[in-house]
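Asks: The structure file target14.cif (mmCIF, C-alpha atoms) is provided below.
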```cif
data_query
loop_
_atom_site.label_atom_id
_atom_site.label_comp_id
_atom_site.auth_asym_id
_atom_site.auth_seq_id
_atom_site.Cartn_x
_atom_site.Cartn_y
_atom_site.Cartn_z
CA MET A 1 55.84 19.30 129.90
CA ILE A 2 58.58 19.72 132.45
CA LYS A 3 61.82 21.09 131.03
CA ILE A 4 64.39 19.44 133.27
CA LEU A 5 67.99 20.53 133.11
CA PHE A 6 69.76 17.32 134.12
CA SER A 7 73.12 19.06 134.01
CA LEU A 8 71.92 21.33 136.80
CA PHE A 9 72.39 18.55 139.34
CA PHE A 10 76.01 18.06 138.28
CA CYS A 11 76.88 21.75 138.04
CA LEU A 12 75.31 22.63 141.40
CA PRO A 13 76.26 20.00 143.99
CA PHE A 14 74.21 21.65 146.74
CA LEU A 15 70.95 20.53 145.08
CA VAL A 16 70.06 17.17 146.61
CA HIS A 17 67.44 14.58 147.37
CA ALA A 18 68.60 13.04 150.62
CA GLN A 19 66.80 10.20 152.34
CA ASN A 20 64.86 12.28 154.86
CA LEU A 21 64.25 15.29 152.63
CA PRO A 22 61.41 15.83 150.15
CA THR A 23 62.05 15.23 146.48
CA THR A 24 63.82 18.16 144.83
CA LEU A 25 61.90 19.59 141.90
CA ALA A 26 63.10 23.08 141.01
CA VAL A 27 59.93 24.29 139.28
CA PRO A 28 57.15 26.70 140.29
CA GLY A 29 55.27 24.97 143.10
CA GLY A 30 58.21 22.65 143.75
CA ILE A 31 60.80 22.25 146.49
CA ILE A 32 64.57 22.57 146.47
CA SER A 33 66.92 21.31 149.21
CA ILE A 34 70.25 23.13 149.47
CA ALA A 35 73.25 22.03 151.53
CA LEU A 36 74.56 24.84 153.73
CA GLY A 37 77.53 23.41 155.64
CA ASP A 38 78.72 21.04 158.34
CA ILE A 39 76.57 20.65 161.47
CA ASN A 40 79.59 21.49 163.61
CA THR A 41 78.84 25.11 162.70
CA PRO A 42 75.82 26.91 164.18
CA ALA A 43 72.52 26.36 162.38
CA PRO A 44 72.28 29.06 159.69
CA GLU A 45 69.36 31.43 159.28
CA VAL A 46 67.99 31.35 155.74
CA THR A 47 65.51 33.52 153.84
CA PHE A 48 64.02 33.29 150.36
CA LEU A 49 62.02 36.18 148.93
CA ASP A 50 62.23 37.77 152.40
CA LYS A 51 60.57 34.78 154.08
CA LYS A 52 62.21 32.50 156.66
CA VAL A 53 63.17 29.05 155.38
CA LEU A 54 63.16 25.68 157.14
CA VAL A 55 66.67 24.45 158.08
CA LEU A 56 67.38 20.93 159.30
CA GLU A 57 70.16 18.40 159.77
CA GLU A 58 70.74 15.58 157.29
CA ASN A 59 73.86 13.45 156.74
CA GLN A 60 75.95 15.66 159.04
CA GLN A 61 75.01 18.73 156.99
CA TRP A 62 72.63 21.65 157.44
CA TYR A 63 70.05 21.89 154.66
CA ALA A 64 67.64 24.61 153.64
CA VAL A 65 64.32 23.22 152.41
CA VAL A 66 62.83 25.91 150.19
CA GLY A 67 59.28 26.15 148.85
CA ILE A 68 59.04 27.71 145.38
CA PRO A 69 55.92 29.80 144.67
CA LEU A 70 53.71 28.84 141.73
CA LYS A 71 54.17 32.41 140.46
CA ALA A 72 57.99 32.26 140.64
CA LYS A 73 59.76 33.45 137.50
CA ILE A 74 61.79 30.97 135.51
CA GLY A 75 65.55 31.49 135.82
CA GLN A 76 68.10 32.19 138.51
CA HIS A 77 67.10 32.84 142.12
CA SER A 78 68.98 32.91 145.40
CA ILE A 79 68.63 32.29 149.11
CA GLN A 80 70.25 34.48 151.73
CA VAL A 81 72.23 32.63 154.38
CA LYS A 82 73.39 34.05 157.71
CA SER A 83 75.69 32.00 159.95
CA GLY A 84 77.11 33.87 162.91
CA LYS A 85 78.56 37.09 161.52
CA LYS A 86 78.90 35.70 158.01
CA GLU A 87 76.31 36.37 155.32
CA ASN A 88 76.24 35.05 151.77
CA THR A 89 73.89 34.06 148.98
CA ILE A 90 73.48 30.75 147.18
CA ASN A 91 72.06 30.74 143.69
CA PHE A 92 69.82 28.13 142.10
CA THR A 93 67.80 27.85 138.91
CA ILE A 94 64.07 27.36 138.55
CA THR A 95 63.01 25.56 135.37
CA ASP A 96 59.60 25.56 133.71
CA LYS A 97 56.66 23.24 134.26
CA ASP A 98 53.52 23.37 132.14
CA TYR A 99 50.64 22.43 134.43
CA PRO A 100 47.57 21.16 132.54
CA ALA A 101 44.13 22.79 132.68
CA GLN A 102 41.11 21.35 134.48
CA TYR A 103 37.51 22.37 133.79
CA ILE A 104 35.04 21.79 136.61
CA THR A 105 31.28 22.34 136.78
CA ILE A 106 30.07 23.53 140.20
CA LYS A 107 26.31 23.18 140.68
CA ASN A 108 26.24 25.64 143.59
CA LYS A 109 26.90 28.83 141.63
CA ARG A 110 27.56 30.79 144.83
CA MET A 111 30.71 28.73 145.26
CA VAL A 112 31.94 30.28 142.01
CA ASN A 113 30.43 33.76 142.34
CA PRO A 114 29.72 34.44 146.04
CA ASN A 115 26.99 36.91 146.95
CA PRO A 116 27.67 39.90 149.27
CA ASP A 117 26.86 37.91 152.42
CA ASP A 118 29.17 35.11 151.27
CA LEU A 119 31.96 37.60 150.62
CA LYS A 120 31.49 39.05 154.10
CA ARG A 121 31.88 35.57 155.57
CA ILE A 122 34.94 34.83 153.43
CA ARG A 123 36.62 38.06 154.57
CA SER A 124 35.81 37.30 158.21
CA GLU A 125 37.48 33.89 157.92
CA ARG A 126 40.75 35.12 156.45
CA PRO A 127 42.42 36.31 159.71
CA ALA A 128 42.12 32.86 161.35
CA ILE A 129 43.41 31.08 158.24
CA ASN A 130 46.25 33.58 157.77
CA LYS A 131 47.25 33.24 161.43
CA ALA A 132 47.59 29.48 160.96
CA LEU A 133 49.59 29.82 157.76
CA ASN A 134 51.92 32.43 159.30
CA THR A 135 52.85 30.12 162.19
CA TRP A 136 56.58 29.78 162.81
CA SER A 137 57.69 27.46 165.59
CA LEU A 138 61.03 25.85 166.43
CA ARG A 139 59.65 22.33 166.60
CA SER A 140 62.34 19.72 165.88
CA ILE A 141 62.05 18.17 162.41
CA ASN A 142 63.97 14.96 161.71
CA ASP A 143 62.20 13.33 158.78
CA LEU A 144 60.27 14.94 155.91
CA ASN A 145 59.18 11.70 154.29
CA PHE A 146 55.46 11.87 155.03
CA GLN A 147 52.85 9.12 154.92
CA ILE A 148 49.87 9.62 152.64
CA PRO A 149 46.99 10.93 154.82
CA VAL A 150 44.16 8.92 153.25
CA ILE A 151 43.84 5.86 151.03
CA GLY A 152 41.96 6.69 147.85
CA ARG A 153 42.19 7.71 144.22
CA LEU A 154 44.41 10.66 143.29
CA SER A 155 41.73 12.70 141.57
CA SER A 156 43.46 16.07 141.00
CA PRO A 157 47.21 16.72 141.19
CA PHE A 158 48.83 19.92 142.37
CA GLY A 159 49.14 23.00 140.16
CA LEU A 160 46.31 22.46 137.66
CA LYS A 161 45.10 25.60 135.89
CA ARG A 162 41.51 25.65 137.06
CA PHE A 163 38.31 26.81 135.44
CA PHE A 164 35.07 26.69 137.42
CA ASN A 165 31.98 26.91 135.22
CA LYS A 166 34.35 28.11 132.46
CA GLN A 167 35.68 30.95 134.67
CA PRO A 168 39.46 31.04 135.31
CA LYS A 169 40.33 30.67 139.00
CA ASN A 170 43.50 30.24 141.06
CA PRO A 171 45.63 27.16 140.27
CA HIS A 172 44.97 24.02 142.27
CA SER A 173 46.92 24.56 145.47
CA GLY A 174 47.02 21.02 146.80
CA LEU A 175 46.51 17.34 146.13
CA ASP A 176 43.01 15.84 145.92
CA ILE A 177 42.43 12.26 147.05
CA ALA A 178 38.93 10.92 146.35
CA ALA A 179 37.47 8.46 148.88
CA ILE A 180 34.07 7.60 150.25
CA THR A 181 32.60 9.81 152.95
CA GLY A 182 33.75 8.67 156.39
CA THR A 183 37.16 7.35 155.30
CA ASP A 184 39.74 8.06 158.01
CA ILE A 185 42.27 10.85 157.46
CA SER A 186 45.52 10.48 159.42
CA ALA A 187 48.41 12.84 160.09
CA PRO A 188 51.26 12.27 157.62
CA ALA A 189 53.80 13.44 160.21
CA ALA A 190 54.00 14.53 163.82
CA GLY A 191 52.92 18.04 164.69
CA ILE A 192 50.51 20.19 166.63
CA VAL A 193 46.97 21.19 165.64
CA ILE A 194 47.00 24.98 165.19
CA ASN A 195 43.50 25.52 163.79
CA THR A 196 40.25 23.74 163.11
CA GLY A 197 37.14 25.30 161.66
CA SER A 198 34.35 25.33 159.11
CA TYR A 199 35.19 27.69 156.25
CA TYR A 200 33.29 28.82 153.17
CA TYR A 201 35.49 27.31 150.46
CA ASN A 202 37.48 24.79 152.51
CA GLY A 203 34.60 23.31 154.49
CA ASN A 204 35.61 21.50 157.69
CA THR A 205 39.34 22.10 158.04
CA VAL A 206 42.37 21.09 160.09
CA PHE A 207 45.77 22.84 160.02
CA LEU A 208 48.90 21.22 161.46
CA ASP A 209 52.21 22.85 162.39
CA HIS A 210 55.18 20.54 161.77
CA GLY A 211 57.78 23.18 162.66
CA GLN A 212 59.74 26.04 161.06
CA GLY A 213 56.96 27.16 158.73
CA LEU A 214 56.08 23.67 157.49
CA ILE A 215 52.29 23.68 157.68
CA SER A 216 49.76 21.19 156.30
CA GLY A 217 46.04 21.64 155.72
CA TYR A 218 43.17 19.15 155.36
CA PHE A 219 39.93 20.37 153.79
CA HIS A 220 36.31 19.30 153.08
CA LEU A 221 36.13 16.91 156.06
CA SER A 222 32.81 15.41 157.15
CA LYS A 223 34.11 15.10 160.71
CA ILE A 224 37.00 16.65 162.68
CA SER A 225 38.57 14.39 165.32
CA VAL A 226 41.19 16.75 166.82
CA GLN A 227 41.22 20.15 168.47
CA ALA A 228 43.49 23.19 168.41
CA GLY A 229 46.53 22.79 170.66
CA GLN A 230 46.53 19.00 170.46
CA ILE A 231 49.94 17.37 169.93
CA ILE A 232 49.67 14.54 167.43
CA GLU A 233 51.94 11.78 166.16
CA GLN A 234 52.29 10.40 162.65
CA GLY A 235 49.18 8.33 161.99
CA THR A 236 46.89 10.15 164.47
CA LYS A 237 43.34 10.37 163.12
CA LEU A 238 42.53 13.96 162.12
CA GLY A 239 39.00 13.39 160.86
CA GLU A 240 37.04 11.80 158.06
CA VAL A 241 36.62 12.43 154.34
CA GLY A 242 33.60 14.49 153.36
CA GLU A 243 32.28 16.98 150.83
CA THR A 244 31.92 20.22 152.78
CA GLY A 245 32.80 23.57 151.18
CA ARG A 246 33.41 23.91 147.43
CA VAL A 247 33.44 20.36 146.11
CA THR A 248 32.01 18.12 143.39
CA GLY A 249 32.18 14.96 145.52
CA PRO A 250 33.75 13.47 148.65
CA HIS A 251 37.53 13.83 148.79
CA LEU A 252 40.42 15.16 150.84
CA HIS A 253 42.09 18.31 149.58
CA TRP A 254 45.58 18.30 151.13
CA ASN A 255 47.80 21.38 151.18
CA VAL A 256 51.43 21.71 152.27
CA TYR A 257 53.13 25.07 152.88
CA LEU A 258 56.84 25.93 153.17
CA ASN A 259 58.06 29.48 153.87
CA LYS A 260 54.42 30.66 153.47
CA THR A 261 54.32 29.05 150.02
CA LYS A 262 51.99 26.34 148.73
CA VAL A 263 54.03 23.43 147.37
CA ASP A 264 53.23 20.06 145.83
CA PRO A 265 52.41 17.59 148.67
CA ALA A 266 53.39 14.67 146.42
CA LEU A 267 57.05 15.68 146.84
CA PHE A 268 56.84 14.57 150.49
CA ILE A 269 55.60 11.07 149.56
CA PRO A 270 58.36 8.95 147.94
CA GLU A 271 55.88 6.74 146.05
CA LEU A 272 54.10 9.76 144.57
CA SER A 273 57.16 11.91 143.89
CA ALA A 274 58.67 9.12 141.80
CA ALA A 275 56.02 9.93 139.18
CA GLN A 276 56.97 13.62 139.00
#
```
Take the structure in the file and write it out as structure tokens.

Replies:
Amino acid sequence: MIKILFSLFFCLPFLVHAQNLPTTLAVPGGIISIALGDINTPAPEVTFLDKKVLVLEENQQWYAVVGIPLKAKIGQHSIQVKSGKKENTINFTITDKDYPAQYITIKNKRMVNPNPDDLKRIRSERPAINKALNTWSLRSINDLNFQIPVIGRLSSPFGLKRFFNKQPKNPHSGLDIAAITGTDISAPAAGIVINTGSYYYNGNTVFLDHGQGLISGYFHLSKISVQAGQIIEQGTKLGEVGETGRVTGPHLHWNVYLNKTKVDPALFIPELSAAQ
């Protein structure tokens, strides 16, 4: 159950859901958009938990778009804002969300308990994945209302407490969309391809950089249709749905990252975020 403090939005006027911003949901794994000041002032530099935060223009205002970690503590937090020689903090409150549990049976037991050779491969893959996720570029961002990347059934929402073969694992870090193998996957927004590869858990993978630490990932593909360095537009085909890596059937696992934090992709899709 989500404990929503409706009065929060009246007491703190800088918490918003503007037209071109993702839905604000101030919970672990959520996103909060905070107004910073008039665009006639220089664009501020913002950090949260010592990580740089995306800043963009909306309705003649600068906004910080902040990703909230799933492990964030409930209660008051703050961002640090630097504009010219001025520095200040803006406080906001994170409320609780009780994500349900999901129990999954994986037939390939090595996908639950990797052997030494598997672990060696997993470790060797981490630098390339981390490099993609640590990307920070100054690409211009004008609209954060994404399009859904594949048409299918929403099979697993973000944040589920996961158990594989009855063993507790990390929470579900993205949004799963089930579709038949070969279904086209398209870019939800413009960006640049920063990594493609075949990874142990993720299978065939594409990472996109949308600018200022906003990264999206597409996993378990049967086919990759783009290459690193390619500039793509909203709707560009990235690949096709598959069941590579750790899966129980064909689907797209879609991740979105803000300030090096995994957040709920549904908050970028107006039709999906309405159900939050």

Asks: Measuring atom to atom with all atoms listed in the file, identify which of A:Asp264, A:Asp96, A:Glu240, A:Asp209 is nearest to Ser225 of chain A.

Replies: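 Ranking A:Asp264, A:Asp96, A:Glu240, A:Asp209 by distance to Ser225 of chain A, first place goes to A:Glu240.
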
Asks: Which of these, A:His210, A:Phe92, A:Asn195, A:Pro44, has the shortest distance to Pro127 of chain A once you count all atoms listed in the file?

Replies: A:Asn195

Asks: Provide the atom CA of Ile148 of chain A to atom CA of Ala187 of chain A distance in Å, to one decimal place.

Replies: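 So the answer is 8.2 Å.
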
Asks: May I ask which of the residues A:Asn88, A:Thr105, A:Gln212, A:Thr236 is the closest one to Asn142 of chain A, counting all atoms listed in the file?

Replies: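 Result for the nearest residue to Asn142 of chain A: A:Gln212.
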
Asks: May I have the protein, DNA and RNA residues with an atom at most 7 Å from (46.8, 18.7, 135.5), counting all atoms listed in the file in the file's coordinates, returned as an NGL selection string?

Replies: :A and (99-102 or 156-157 or 159-160)

Asks: Taking only C-alpha atoms into account, produce a table as JSON lines in which each residue of segment 162-246 of chain A with an atom at most 12 Å from an atom of segment 68-73 of chain A appears once, together with its shortest atom pair and the distance in Å to one decimal, ordered by chain and rising number.

Replies:
```
{"residue": "A:Asn170", "atom": "CA", "partner": "A:Leu70", "partner_atom": "CA", "distance": 10.3}
{"residue": "A:Pro171", "atom": "CA", "partner": "A:Leu70", "partner_atom": "CA", "distance": 8.4}
{"residue": "A:His172", "atom": "CA", "partner": "A:Leu70", "partner_atom": "CA", "distance": 10.0}
{"residue": "A:Ser173", "atom": "CA", "partner": "A:Leu70", "partner_atom": "CA", "distance": 8.9}
{"residue": "A:Gly174", "atom": "CA", "partner": "A:Leu70", "partner_atom": "CA", "distance": 11.5}
```

Asks: Exactly which residues make up the result of the PyMOL selection byres ((chain A and resi 31) around 9) on this file, given as a list of chain:residue names?

Replies: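 Taken over the shown coordinates, the PyMOL selection byres ((chain A and resi 31) around 9) returns A:Pro22, A:Thr23, A:Thr24, A:Leu25, A:Ala26, A:Val27, A:Pro28, A:Gly29, A:Gly30, A:Ile32, A:Ser33, A:Val65, A:Val66, A:Gly67, A:Ile68, A:Leu258, A:Val263, A:Asp264, A:Leu267.
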
Asks: Please measure the separation of atom CA of Ile129 of chain A and atom CA of Lys107 of chain A, giving the value in Å to one decimal.

Replies: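 That distance, rounded to one decimal, is 25.8 Å.
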
Asks: Nearest to Ala132 of chain A among A:Leu208, A:Leu272, A:Ala179, A:Ile79, with distances taken over only C-alpha atoms: which residue is it?

Replies: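 Nearest candidate to Ala132 of chain A out of A:Leu208, A:Leu272, A:Ala179, A:Ile79: A:Leu208.
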
Asks: Which one of A:Ile74, A:Asn145, A:Ile106, A:Leu214 sits closest to Thr93 of chain A if you count all atoms listed in the file?

Replies: A:Ile74

Asks: Could you expand the PyMOL selection byres ((chain A and resi 199) around 12) into the explicit residues it covers here, written as a ChimeraX atom specification?

Replies: /A:111,118-119,121-129,195-198,200-206,218-221,244-246
